[in-house]
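One file, coords_34.cif, is given below (mmCIF, C-alpha atoms and all ligand atoms).
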data_final
loop_
_atom_site.label_atom_id
_atom_site.label_comp_id
_atom_site.auth_asym_id
_atom_site.auth_seq_id
_atom_site.Cartn_x
_atom_site.Cartn_y
_atom_site.Cartn_z
CA MET A 934 97.06 88.45 45.99
CA GLN A 935 96.24 87.10 42.54
CA ILE A 936 98.19 88.16 39.48
CA ILE A 937 95.03 89.75 38.02
CA GLU A 938 94.58 91.93 41.12
CA LYS A 939 98.15 93.14 40.69
CA ALA A 940 97.33 93.96 37.07
CA ARG A 941 94.30 96.01 38.18
CA GLU A 942 96.41 97.90 40.70
CA ILE A 943 98.88 98.78 37.96
CA VAL A 944 96.06 99.83 35.62
CA GLU A 945 94.69 102.26 38.22
CA PHE A 946 98.16 103.63 38.83
CA ILE A 947 98.86 104.23 35.13
CA LYS A 948 95.45 105.83 34.58
CA LYS A 949 96.24 108.40 37.27
CA HIS A 950 99.36 109.62 35.48
CA ASP A 951 100.33 111.17 32.18
CA ASP A 952 103.54 111.01 30.27
CA VAL A 953 104.83 107.47 30.66
CA HIS A 954 108.29 106.49 29.54
CA ILE A 955 108.54 102.85 28.50
CA VAL A 956 111.95 101.24 28.91
CA THR A 957 112.12 97.83 27.31
CA HIS A 958 114.54 95.02 26.67
CA LEU A 959 116.51 94.88 23.45
CA ASP A 960 115.33 91.45 22.33
CA ALA A 961 112.27 89.90 20.67
CA ASP A 962 110.29 89.51 23.89
CA GLY A 963 111.22 93.04 24.92
CA ILE A 964 110.20 94.52 21.56
CA CYS A 965 106.83 92.75 21.76
CA ALA A 966 106.37 93.91 25.36
CA GLY A 967 107.24 97.48 24.35
CA ALA A 968 104.81 97.33 21.42
CA ILE A 969 101.98 96.14 23.70
CA ALA A 970 102.72 98.87 26.26
CA ALA A 971 102.95 101.53 23.55
CA ARG A 972 99.64 100.57 21.89
CA THR A 973 97.95 100.39 25.30
CA LEU A 974 99.08 103.90 26.24
CA GLU A 975 98.26 105.25 22.81
CA ARG A 976 94.68 103.91 23.13
CA LEU A 977 94.43 105.50 26.57
CA GLY A 978 95.41 108.82 25.06
CA LYS A 979 98.54 109.12 27.22
CA ASP A 980 101.75 110.80 26.19
CA PHE A 981 104.49 108.25 25.98
CA ASP A 982 107.98 107.59 24.78
CA ILE A 983 109.96 104.39 24.46
CA SER A 984 113.60 103.45 24.79
CA PHE A 985 115.45 100.16 24.47
CA VAL A 986 118.20 98.91 26.77
CA LYS A 987 120.18 95.72 27.25
CA GLN A 988 119.70 95.85 30.99
CA VAL A 989 118.78 98.27 33.74
CA ASP A 990 121.79 99.98 35.28
CA GLU A 991 122.54 103.42 36.76
CA ALA A 992 123.33 104.92 33.36
CA SER A 993 120.11 103.77 31.70
CA ILE A 994 118.04 105.03 34.65
CA GLU A 995 119.79 108.38 34.50
CA ASN A 996 119.02 108.69 30.79
CA VAL A 997 115.30 108.19 31.36
CA LEU A 998 115.12 110.44 34.42
CA ASN A 999 116.62 113.24 32.35
CA LYS A 1000 113.44 113.18 30.28
CA ASN A 1001 111.34 113.94 33.34
CA PRO A 1002 108.57 111.37 32.89
CA ASP A 1003 105.68 111.00 35.38
CA VAL A 1004 106.04 107.25 35.27
CA ILE A 1005 108.73 104.85 34.07
CA TRP A 1006 107.31 101.55 32.82
CA PHE A 1007 109.94 98.82 32.56
CA THR A 1008 108.87 95.94 30.32
CA ASP A 1009 110.70 92.61 30.09
CA LEU A 1010 113.38 94.07 32.35
CA GLY A 1011 114.19 93.12 35.91
CA VAL A 1012 115.14 96.07 38.07
CA ASN A 1013 117.82 94.88 40.44
CA ILE A 1014 119.12 98.22 41.66
CA ASP A 1015 117.65 100.93 43.85
CA VAL A 1016 116.06 103.65 41.80
CA ASP A 1017 115.71 107.10 43.26
CA PHE A 1018 112.26 107.65 41.71
CA GLU A 1019 108.85 106.66 43.02
CA ASN A 1020 106.62 106.08 40.00
CA ILE A 1021 107.87 102.81 38.67
CA VAL A 1022 105.83 100.14 36.92
CA ILE A 1023 107.41 96.81 35.99
CA THR A 1024 105.92 94.03 33.85
CA ASP A 1025 108.57 91.35 33.66
CA HIS A 1026 109.41 87.69 34.22
CA HIS A 1027 113.07 87.70 35.33
CA THR A 1028 113.90 86.72 38.89
CA THR A 1029 115.02 89.72 40.89
CA VAL A 1030 116.21 90.43 44.39
CA LYS A 1031 114.69 93.90 44.66
CA HIS A 1032 110.92 94.27 44.84
CA TYR A 1033 108.72 97.12 43.68
CA ARG A 1034 105.07 97.71 44.47
CA TYR A 1035 103.75 98.12 40.92
CA SER A 1036 105.54 95.10 39.55
CA LEU A 1037 103.75 92.24 37.85
CA ASN A 1038 106.04 89.21 37.69
CA PRO A 1039 105.00 85.52 37.47
CA ASN A 1040 107.80 84.55 39.87
CA ASP A 1041 106.06 86.52 42.65
CA PHE A 1042 102.95 84.38 42.17
CA GLY A 1043 104.59 80.96 42.36
CA LEU A 1044 104.77 80.65 38.58
CA ASP A 1045 107.86 79.76 36.58
CA GLY A 1046 109.03 82.86 34.71
CA CYS A 1047 111.01 80.66 32.31
CA VAL A 1048 107.99 78.91 30.76
CA ALA A 1049 104.70 80.21 32.19
CA LEU A 1050 104.85 83.86 31.13
CA SER A 1051 107.17 86.17 29.20
CA GLY A 1052 107.83 89.88 29.56
CA ALA A 1053 105.41 90.52 26.69
CA GLY A 1054 102.88 88.24 28.41
CA ALA A 1055 103.18 90.10 31.72
CA THR A 1056 102.67 93.39 29.84
CA TYR A 1057 99.70 91.91 27.98
CA ILE A 1058 97.97 90.94 31.25
CA VAL A 1059 98.07 94.60 32.31
CA SER A 1060 96.98 95.72 28.85
CA LYS A 1061 94.00 93.39 28.80
CA SER A 1062 92.97 94.52 32.30
CA MET A 1063 93.08 98.05 31.00
CA ASP A 1064 90.66 97.28 28.19
CA ALA A 1065 89.33 93.91 27.00
CA ARG A 1066 89.65 95.15 23.43
CA ASN A 1067 93.42 94.95 23.83
CA LYS A 1068 92.95 91.23 23.21
CA ASP A 1069 93.92 92.14 19.66
CA LEU A 1070 97.51 92.48 21.00
CA SER A 1071 97.61 88.88 22.27
CA HIS A 1072 99.56 87.58 19.27
CA LEU A 1073 102.45 89.87 20.29
CA ALA A 1074 102.59 88.14 23.67
CA VAL A 1075 102.76 84.78 21.87
CA ILE A 1076 105.61 86.00 19.65
CA GLY A 1077 107.43 87.33 22.74
CA ALA A 1078 107.08 84.00 24.57
CA CYS A 1079 108.42 82.14 21.52
CA GLY A 1080 111.28 84.65 21.30
CA ASP A 1081 112.28 83.65 24.82
CA LEU A 1082 111.99 79.96 23.85
CA GLN A 1083 109.18 79.41 26.34
CA ASP A 1084 107.52 76.90 23.99
CA ARG A 1085 110.66 74.77 23.72
CA ARG A 1086 110.62 72.69 26.89
CA GLU A 1087 107.17 71.15 26.31
CA ARG A 1088 107.05 71.82 22.55
CA GLN A 1089 104.01 73.94 23.27
CA LEU A 1090 103.14 76.99 25.32
CA VAL A 1091 102.03 76.24 28.87
CA GLY A 1092 100.76 78.11 31.94
CA LEU A 1093 99.48 81.65 31.47
CA ASN A 1094 101.09 81.65 28.03
CA ARG A 1095 98.52 79.05 27.03
CA GLU A 1096 95.65 81.28 28.18
CA ILE A 1097 97.08 84.16 26.16
CA LEU A 1098 97.36 81.80 23.20
CA SER A 1099 93.67 81.01 23.47
CA ASP A 1100 92.90 84.76 23.44
CA ALA A 1101 94.87 84.99 20.20
CA ILE A 1102 93.06 81.98 18.72
CA SER A 1103 89.61 83.28 19.66
CA ALA A 1104 90.48 86.71 18.23
CA GLY A 1105 91.34 84.96 14.96
CA LEU A 1106 94.96 86.12 15.11
CA ILE A 1107 96.72 82.78 15.48
CA ASN A 1108 96.23 79.25 14.20
CA VAL A 1109 97.88 76.31 15.95
CA THR A 1110 99.15 73.29 14.07
CA LYS A 1111 101.45 70.37 14.86
CA ASP A 1112 104.56 70.14 12.73
CA ILE A 1113 108.32 69.65 12.68
CA GLN A 1114 110.00 71.72 15.42
CA TYR A 1115 113.08 72.72 13.47
CA PHE A 1116 113.55 76.38 12.67
CA GLY A 1117 112.75 77.66 9.18
CA ARG A 1118 109.74 75.55 8.11
CA GLU A 1119 108.41 78.38 6.01
CA SER A 1120 111.36 80.38 4.80
CA LYS A 1121 114.35 78.04 4.55
CA PRO A 1122 115.19 75.48 1.86
CA ILE A 1123 114.83 72.01 3.43
CA PHE A 1124 118.56 71.26 3.32
CA ARG A 1125 119.18 74.39 5.41
CA LEU A 1126 116.44 73.44 7.87
CA LEU A 1127 118.32 70.16 8.42
CA LEU A 1128 121.66 71.98 8.53
CA TYR A 1129 120.64 74.05 11.57
CA ALA A 1130 118.59 71.27 13.21
CA ASP A 1131 119.68 71.24 16.85
CA ASP A 1132 116.90 69.85 19.05
CA PRO A 1133 117.32 66.99 18.47
CA VAL A 1134 120.54 67.10 16.45
CA ILE A 1135 120.35 64.71 13.46
CA PRO A 1136 123.40 62.46 13.87
CA GLY A 1137 125.78 62.75 10.92
CA VAL A 1138 123.59 65.32 9.18
CA SER A 1139 123.10 68.60 11.11
CA GLY A 1140 126.02 70.96 10.83
CA SER A 1141 127.27 69.72 7.45
CA GLU A 1142 125.77 71.11 4.26
CA GLU A 1143 127.14 68.23 2.20
CA ALA A 1144 125.63 65.65 4.55
CA CYS A 1145 122.25 67.41 4.42
CA ILE A 1146 122.24 67.41 0.63
CA SER A 1147 123.12 63.74 0.33
CA PHE A 1148 120.62 62.85 3.09
CA LEU A 1149 117.86 64.36 0.93
CA MET A 1150 119.16 62.99 -2.38
CA ASN A 1151 119.25 59.50 -0.88
CA LEU A 1152 115.57 59.94 -0.11
CA GLY A 1153 114.88 60.71 -3.77
CA PHE A 1154 114.99 64.54 -3.79
CA SER A 1155 116.70 66.03 -6.84
CA ARG A 1156 119.35 68.76 -6.59
CA LYS A 1157 116.66 71.28 -7.44
CA GLU A 1158 114.12 69.90 -4.99
CA ILE A 1159 116.35 70.39 -1.95
CA TYR A 1160 115.58 74.10 -2.33
CA ARG A 1161 111.89 73.53 -1.63
CA LYS A 1162 110.54 74.68 1.74
CA TRP A 1163 109.25 72.28 4.38
CA VAL A 1164 105.72 73.71 4.11
CA GLU A 1165 105.71 73.01 0.37
CA LEU A 1166 106.32 69.28 0.82
CA SER A 1167 103.55 66.72 0.58
CA LYS A 1168 102.53 64.70 3.62
CA GLY A 1169 104.28 61.66 2.15
CA GLU A 1170 107.53 63.58 1.58
CA LYS A 1171 107.46 64.98 5.12
CA ARG A 1172 106.85 61.52 6.53
CA LYS A 1173 109.75 60.10 4.53
CA ILE A 1174 112.17 62.68 5.99
CA LEU A 1175 110.83 62.36 9.55
CA SER A 1176 111.09 58.58 9.62
CA GLU A 1177 114.65 58.68 8.27
CA ILE A 1178 115.60 61.19 11.01
CA ALA A 1179 113.94 58.94 13.60
CA ARG A 1180 115.79 55.89 12.25
CA ARG A 1181 119.13 57.67 12.54
CA LEU A 1182 118.38 58.82 16.09
CA LEU A 1183 117.50 55.26 17.12
CA ASP A 1184 120.60 53.88 15.38
CA LYS A 1185 122.79 56.23 17.41
CA GLY A 1186 121.14 55.19 20.66
CA PHE A 1187 118.89 58.20 21.19
CA GLY A 1188 115.64 57.10 22.81
CA SER A 1189 112.04 57.74 21.88
CA LYS A 1190 112.17 60.88 24.02
CA SER A 1191 114.36 62.66 21.50
CA ILE A 1192 112.25 61.40 18.59
CA ARG A 1193 109.15 62.83 20.24
CA ARG A 1194 110.87 66.23 20.24
CA LEU A 1195 110.71 66.30 16.43
CA ILE A 1196 107.03 67.23 16.39
CA GLY A 1197 105.22 69.86 18.42
CA GLU A 1198 103.01 72.91 18.22
CA VAL A 1199 103.64 75.65 15.70
CA TYR A 1200 101.91 79.04 15.88
CA LEU A 1201 100.91 80.76 12.67
CA LEU A 1202 99.94 84.41 12.39
CA ASN A 1203 96.77 84.63 10.31
CA ASN A 1204 97.38 88.19 9.17
CA GLU A 1205 100.82 87.49 7.73
CA LYS A 1206 101.68 85.96 4.39
CA GLU A 1207 102.59 82.28 4.30
CA GLY A 1208 106.17 81.58 3.24
CA THR A 1209 107.55 84.81 4.73
CA GLU A 1210 109.61 85.20 7.91
CA LEU A 1211 106.54 86.80 9.50
CA HIS A 1212 104.06 83.92 9.32
CA ASP A 1213 105.49 81.56 11.96
CA THR A 1214 105.83 83.14 15.44
CA ARG A 1215 109.30 81.67 15.99
CA GLU A 1216 110.58 83.04 12.71
CA PHE A 1217 108.95 86.39 13.45
CA ALA A 1218 110.72 86.46 16.82
CA THR A 1219 114.06 85.68 15.20
CA LEU A 1220 113.56 88.52 12.77
CA LEU A 1221 112.86 90.87 15.71
CA ASN A 1222 115.89 89.62 17.62
CA SER A 1223 118.31 90.07 14.78
CA THR A 1224 116.98 93.54 13.95
CA ALA A 1225 116.94 94.79 17.54
CA ARG A 1226 120.31 93.38 18.53
CA TYR A 1227 122.07 95.05 15.62
CA GLY A 1228 120.96 98.45 16.73
CA ARG A 1229 117.57 98.98 15.02
CA PRO A 1230 114.92 98.22 17.65
CA ASP A 1231 112.82 100.99 16.06
CA ILE A 1232 112.43 98.87 12.91
CA ALA A 1233 111.55 95.81 14.98
CA LEU A 1234 108.94 97.82 16.88
CA LYS A 1235 107.36 98.95 13.61
CA LEU A 1236 107.08 95.32 12.49
CA CYS A 1237 105.19 94.52 15.71
CA LEU A 1238 102.88 97.48 15.28
CA GLY A 1239 102.03 96.35 11.76
CA GLU A 1240 103.91 99.12 9.94
CA LYS A 1241 105.57 96.78 7.50
CA GLU A 1242 106.05 98.95 4.45
CA ASN A 1243 109.84 99.38 4.55
CA SER A 1244 110.63 97.77 7.86
CA PHE A 1245 110.21 94.17 6.62
CA LYS A 1246 112.74 94.63 3.84
CA GLU A 1247 115.21 96.28 6.22
CA ALA A 1248 114.72 93.62 8.87
CA ARG A 1249 115.49 90.82 6.41
CA LYS A 1250 118.90 92.36 5.74
CA PHE A 1251 119.65 92.24 9.46
CA LEU A 1252 118.53 88.60 9.59
CA ASN A 1253 121.01 87.54 6.90
CA ASN A 1254 123.75 89.50 8.61
CA HIS A 1255 122.85 87.86 11.95
CA ARG A 1256 123.26 84.31 10.55
CA GLN A 1257 126.72 85.22 9.27
CA THR A 1258 127.79 86.81 12.55
CA LEU A 1259 126.53 83.83 14.53
CA SER A 1260 128.50 81.31 12.56
CA THR A 1261 131.80 83.24 12.74
CA GLY A 1262 131.14 84.01 16.42
CA LEU A 1263 130.55 80.33 17.18
CA GLN A 1264 133.82 79.32 15.55
CA LEU A 1265 135.72 81.91 17.55
CA ALA A 1266 134.04 80.97 20.84
CA ARG A 1267 134.81 77.28 20.30
CA ALA A 1268 138.47 78.11 19.67
CA LYS A 1269 138.64 80.23 22.83
CA LEU A 1270 136.92 77.77 25.15
CA GLU A 1271 138.62 77.32 28.54
CA LYS A 1272 137.73 74.76 31.18
CA ARG A 1273 137.61 75.35 34.93
CA LYS A 1274 136.53 73.12 37.77
CA THR A 1275 132.80 73.91 37.89
CA LEU A 1276 132.32 75.84 34.65
CA ASN A 1277 133.54 76.37 31.09
CA TYR A 1278 134.04 79.84 29.65
CA PHE A 1279 135.19 81.79 26.61
CA HIS A 1280 136.09 85.43 25.99
CA VAL A 1281 135.63 86.86 22.50
CA GLY A 1282 136.84 90.36 23.40
CA ASN A 1283 135.67 92.92 20.85
CA ARG A 1284 135.46 90.47 17.97
CA VAL A 1285 131.79 89.65 18.64
CA ARG A 1286 129.06 92.17 19.44
CA ASP A 1287 128.05 92.11 23.09
CA THR A 1288 124.40 91.74 21.99
CA VAL A 1289 125.14 88.44 20.24
CA VAL A 1290 127.25 86.75 22.90
CA GLY A 1291 124.06 85.50 24.60
CA SER A 1292 122.92 83.63 21.48
CA ILE A 1293 126.38 82.15 21.01
CA THR A 1294 126.56 81.02 24.64
CA SER A 1295 123.11 79.44 24.26
CA ILE A 1296 124.00 77.47 21.16
CA LEU A 1297 127.40 76.40 22.47
CA SER A 1298 125.95 75.30 25.82
CA LYS A 1299 124.25 72.44 23.96
CA GLU A 1300 127.69 71.11 22.99
CA PHE A 1301 129.21 71.63 26.45
CA SER A 1302 126.23 70.79 28.59
CA SER A 1303 127.87 69.06 31.55
CA LEU A 1304 128.91 72.35 33.23
CA PRO A 1305 127.57 75.91 33.15
CA LEU A 1306 128.98 77.88 30.22
CA ILE A 1307 130.02 81.51 30.60
CA GLY A 1308 130.60 83.82 27.62
CA PHE A 1309 132.38 87.19 27.80
CA ALA A 1310 132.43 89.97 25.21
CA ASP A 1311 133.59 93.57 25.47
CA GLY A 1312 130.69 95.98 25.88
CA GLU A 1313 130.34 99.74 26.08
CA ASN A 1314 131.86 102.18 28.58
CA GLY A 1315 134.58 99.87 29.87
CA HIS A 1316 132.16 97.09 30.67
CA VAL A 1317 132.23 93.43 29.77
CA LYS A 1318 129.01 91.63 28.90
CA VAL A 1319 128.64 88.24 30.58
CA SER A 1320 126.25 85.50 29.47
CA ALA A 1321 125.68 82.29 31.40
CA ARG A 1322 123.77 79.18 30.33
CA TYR A 1323 123.30 75.75 31.86
CA ARG A 1324 121.63 72.90 29.98
CA ASN A 1325 121.69 70.26 32.68
CA SER A 1326 118.83 70.23 35.13
CA GLY A 1327 121.08 70.24 38.20
CA GLU A 1328 120.29 72.13 41.38
CA ILE A 1329 121.99 75.32 40.29
CA ASP A 1330 120.54 78.82 40.34
CA LEU A 1331 122.62 80.78 37.82
CA SER A 1332 120.56 83.91 38.33
CA ARG A 1333 121.55 84.13 41.99
CA ALA A 1334 125.15 83.07 41.42
CA ILE A 1335 125.62 85.64 38.65
CA TYR A 1336 123.95 88.37 40.70
CA LEU A 1337 126.30 87.79 43.64
CA ALA A 1338 129.46 87.34 41.55
CA ALA A 1339 128.73 90.52 39.57
CA LEU A 1340 128.04 92.44 42.76
CA SER A 1341 131.39 91.33 44.21
CA VAL A 1342 133.32 92.95 41.34
CA GLY A 1343 131.19 96.10 41.12
CA GLY A 1344 128.89 94.96 38.32
CA THR A 1345 125.19 94.14 37.96
CA GLY A 1346 123.56 90.89 36.95
CA GLY A 1347 120.63 88.50 37.19
CA GLY A 1348 118.22 86.59 34.97
CA HIS A 1349 116.75 83.13 35.14
CA ARG A 1350 117.71 79.88 36.83
CA TYR A 1351 119.44 78.39 33.77
CA ALA A 1352 120.10 81.55 31.75
CA ALA A 1353 121.54 84.70 33.25
CA GLY A 1354 123.66 87.69 32.33
CA ALA A 1355 125.74 90.48 33.82
CA LEU A 1356 127.73 93.60 33.09
CA ILE A 1357 131.06 93.82 34.92
CA PRO A 1358 133.97 96.27 34.74
CA LYS A 1359 136.60 95.25 32.20
CA GLY A 1360 139.59 93.58 33.85
CA THR A 1361 137.56 91.89 36.61
CA GLU A 1362 136.78 88.75 34.57
CA GLU A 1363 139.12 86.47 36.55
CA MET A 1364 137.83 87.77 39.89
CA PHE A 1365 134.30 87.35 38.63
CA LEU A 1366 134.95 83.72 37.62
CA ASP A 1367 136.51 82.99 41.01
CA ALA A 1368 133.50 84.46 42.81
CA LEU A 1369 131.12 82.62 40.52
CA GLU A 1370 132.84 79.26 41.06
CA LYS A 1371 132.77 79.81 44.80
CA GLU A 1372 129.04 80.54 44.71
CA LEU A 1373 128.27 77.60 42.38
CA GLY A 1374 130.39 75.38 44.64
CA SER A 1375 128.43 76.37 47.73
CA GLN A 1376 125.11 75.89 45.91
CA LEU A 1377 126.17 72.38 44.97
CA SER A 1378 127.50 71.48 48.41
CA SER A 1379 124.39 72.77 50.21
CA ASP A 1380 122.47 70.58 47.80
CA VAL A 1381 124.40 67.53 49.01
CA LEU A 1382 123.77 68.44 52.65
MN MN B 1 111.93 88.11 28.21
#
What would the structure in this file look like if it were written as structure tokens?
Amino acid sequence: MQIIEKAREIVEFIKKHDDVHIVTHLDADGICAGAIAARTLERLGKDFDISFVKQVDEASIENVLNKNPDVIWFTDLGVNIDVDFENIVITDHHTTVKHYRYSLNPNDFGLDGCVALSGAGATYIVSKSMDARNKDLSHLAVIGACGDLQDRRERQLVGLNREILSDAISAGLINVTKDIQYFGRESKPIFRLLLYADDPVIPGVSGSEEACISFLMNLGFSRKEIYRKWVELSKGEKRKILSEIARRLLDKGFGSKSIRRLIGEVYLLNNEKEGTELHDTREFATLLNSTARYGRPDIALKLCLGEKENSFKEARKFLNNHRQTLSTGLQLARAKLEKRKTLNYFHVGNRVRDTVVGSITSILSKEFSSLPLIGFADGENGHVKVSARYRNSGEIDLSRAIYLAALSVGGTGGGHRYAAGALIPKGTEEMFLDALEKELGSQLSSDVL
């Protein structure tokens, strides 16, 4: 079966029912997926409701079932447990062990759910099958894919994401340009863009505000000019900065491969104002992430649906707060880092929100890339949130290892090959780590055989 046939099957199924409850993931991709599903149902004239969860577990299912919907539509969420309810639709891209009939997932069609299609993209495919006019939602699928960093590996969107991108271009919603890949081209002063530069890291510059300022002043920028934005610089000024970064990378022995990572595709939303956090899809996604993860997914959803009046101002507050939380969280995680045989881990207890531990684990895994990195933070209802990341391209399947280790201590988990997560009962962390190491060990040894 082709992915498009699966989409048509889902369309027919949804059309036959009323009252759909959308359950979506509490991150940028999930918010975009939820927005696409909501608009699609609204245009169909269906009754619908939407809720946001971190992951699908018994409690979240119970909550939705209490509302007595005809259909539950999970977007950007893998369903890895048995659900005692027939009418389930899933549009997702996580790898799962359980399979449902009305589930559209790139992994089931031999596509890589990490780069080829996001949760928002999977939802968009169904939406577009429903009505070709829903092409005007394609930009949301692009934002969702960028939110899940699907453009990072190749510095451009690939696979089905690329087809969705061309929908967005032909609908006049997105413009593509090639530019510096660092975050904050439009909204950050250039010294801050360099400060957070992480792929590639600028040797002796990224991470130190002082070093960033003197880097720019040495290139002839005045103390006032370092507050200009990247997009405001002339071609000549941009070139000057880029070649100095390249020179430093070469000096420190980084090859041309890392220099090539400096430039790649950038996606600009034509209906948003230049110089705001809404114009560049990656910045838009970050705004959604920080708003949703701090408990206001409703504001993030409004931004996606174009209701910007108050929501943009509110969302910017969350963004500033998010930056602060990330930097204190990173310091704490670094201080708590523990090494084991086949993995590194840290536990931040209740000092970091469980919704942010994933971002912290991601960032830190670049510094400790030789082994998988596991982050723990206290969650709700006596649970501990687990995040796992692996930066090396070894033959490890974190999704499977996390799923099995979580299961062995009475938790739930899953995700992607190099990025996975779980919820486990508090107090089982050591047992979980033991089980995880055992599973990772057997994955590695079967690789050798
Ligand atoms: Mn996703």
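Where the distance criterion is 7 Å and the atoms used are all atoms listed in the file, the residues close to ligand MN 1 (chain B) are Asp962, Gly963, Asp1009, His1026, Ser1051, Gly1052 and Asp1081 of chain A.
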Give the answer as one residue: which of A:Ser1189, A:Leu1220, A:Leu1149, A:Asp1132 has the shortest atom-to-atom distance to Glu1300 of chain A, using all atoms listed in the file?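 So, comparing all the options, the nearest one is A:Asp1132.
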Do you have the atom CA of Gly1153 of chain A-atom CA of Ile1174 of chain A distance handy?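 Between atom CA of Gly1153 of chain A and atom CA of Ile1174 of chain A the gap works out to 10.3 Å.
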Which of A:Ala1355, A:Ile1113, A:Leu1127, A:Val1004 sits closest to Val1317 of chain A [using only C-alpha atoms]: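 Among the listed residues, the smallest separation from Val1317 of chain A belongs to A:Ala1355.
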Any idea what the distance is between atom CA of Ala1339 of chain A and atom CA of Gly1282 of chain A? 18.1 Å
I'd like to know which of A:Gln1376, A:Asn1013, A:Ser1295, A:Ser1191 is closest to Val1134 of chain A, using all atoms listed in the file.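 Of A:Gln1376, A:Asn1013, A:Ser1295, A:Ser1191, the one nearest Val1134 of chain A is A:Ser1191, counting all atoms listed in the file.
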May I have a table of the residues of segment 1168-1277 of chain A lying at most 12 Å from segment 1319-1328 of chain A, giving each one's closest pair of atoms and their distance in Å to one decimal, counting only C-alpha atoms, ordered by chain and ascending residue number, as a tab-separated table?
residue	atom	partner	partner_atom	distance
A:Thr1275	CA	A:Tyr1323	CA	11.4
A:Leu1276	CA	A:Tyr1323	CA	9.4
A:Asn1277	CA	A:Ala1321	CA	9.8
Using all atoms listed in the file, can you tell me which of A:Lys1171, A:Arg1226, A:Arg1194, A:His1032 comes closest to Leu1252 of chain A?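 Using all atoms listed in the file, Leu1252 of chain A sits closest to A:Arg1226.
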Kindly give the distance, in Å, that separates atom CA of His1280 of chain A and atom CA of Leu1082 of chain A, rounded to a single decimal.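 So the answer is 24.8 Å.
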Skipping near chain neighbours, those fewer than 3 positions away, what residues fall within 12 Å of Phe1154 of chain A using only C-alpha atoms, listed as a list of chain:residue names?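 Once the nearby chain positions are removed, what remains is A:Ile1123, A:Phe1124, A:Cys1145, A:Ile1146, A:Ser1147, A:Phe1148, A:Leu1149, A:Met1150, A:Asn1151, A:Lys1157, A:Glu1158, A:Ile1159, A:Tyr1160, A:Arg1161, A:Leu1166, A:Glu1170, A:Lys1171, A:Lys1173, A:Ile1174.
With all atoms listed in the file as the basis for measurement, A:Asp1287 is the residue among A:Asp1131, A:Asp1287, A:Glu1362, A:Asp1330 that approaches Leu959 of chain A most closely.
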Residue neighbourhood Lys979 of chain A, 10 Å, all atoms listed in the file, exclusion window fewer than 3 positions, as a PyMOL selection string: chain A and resi 947-948+950-953+971+973-976+982
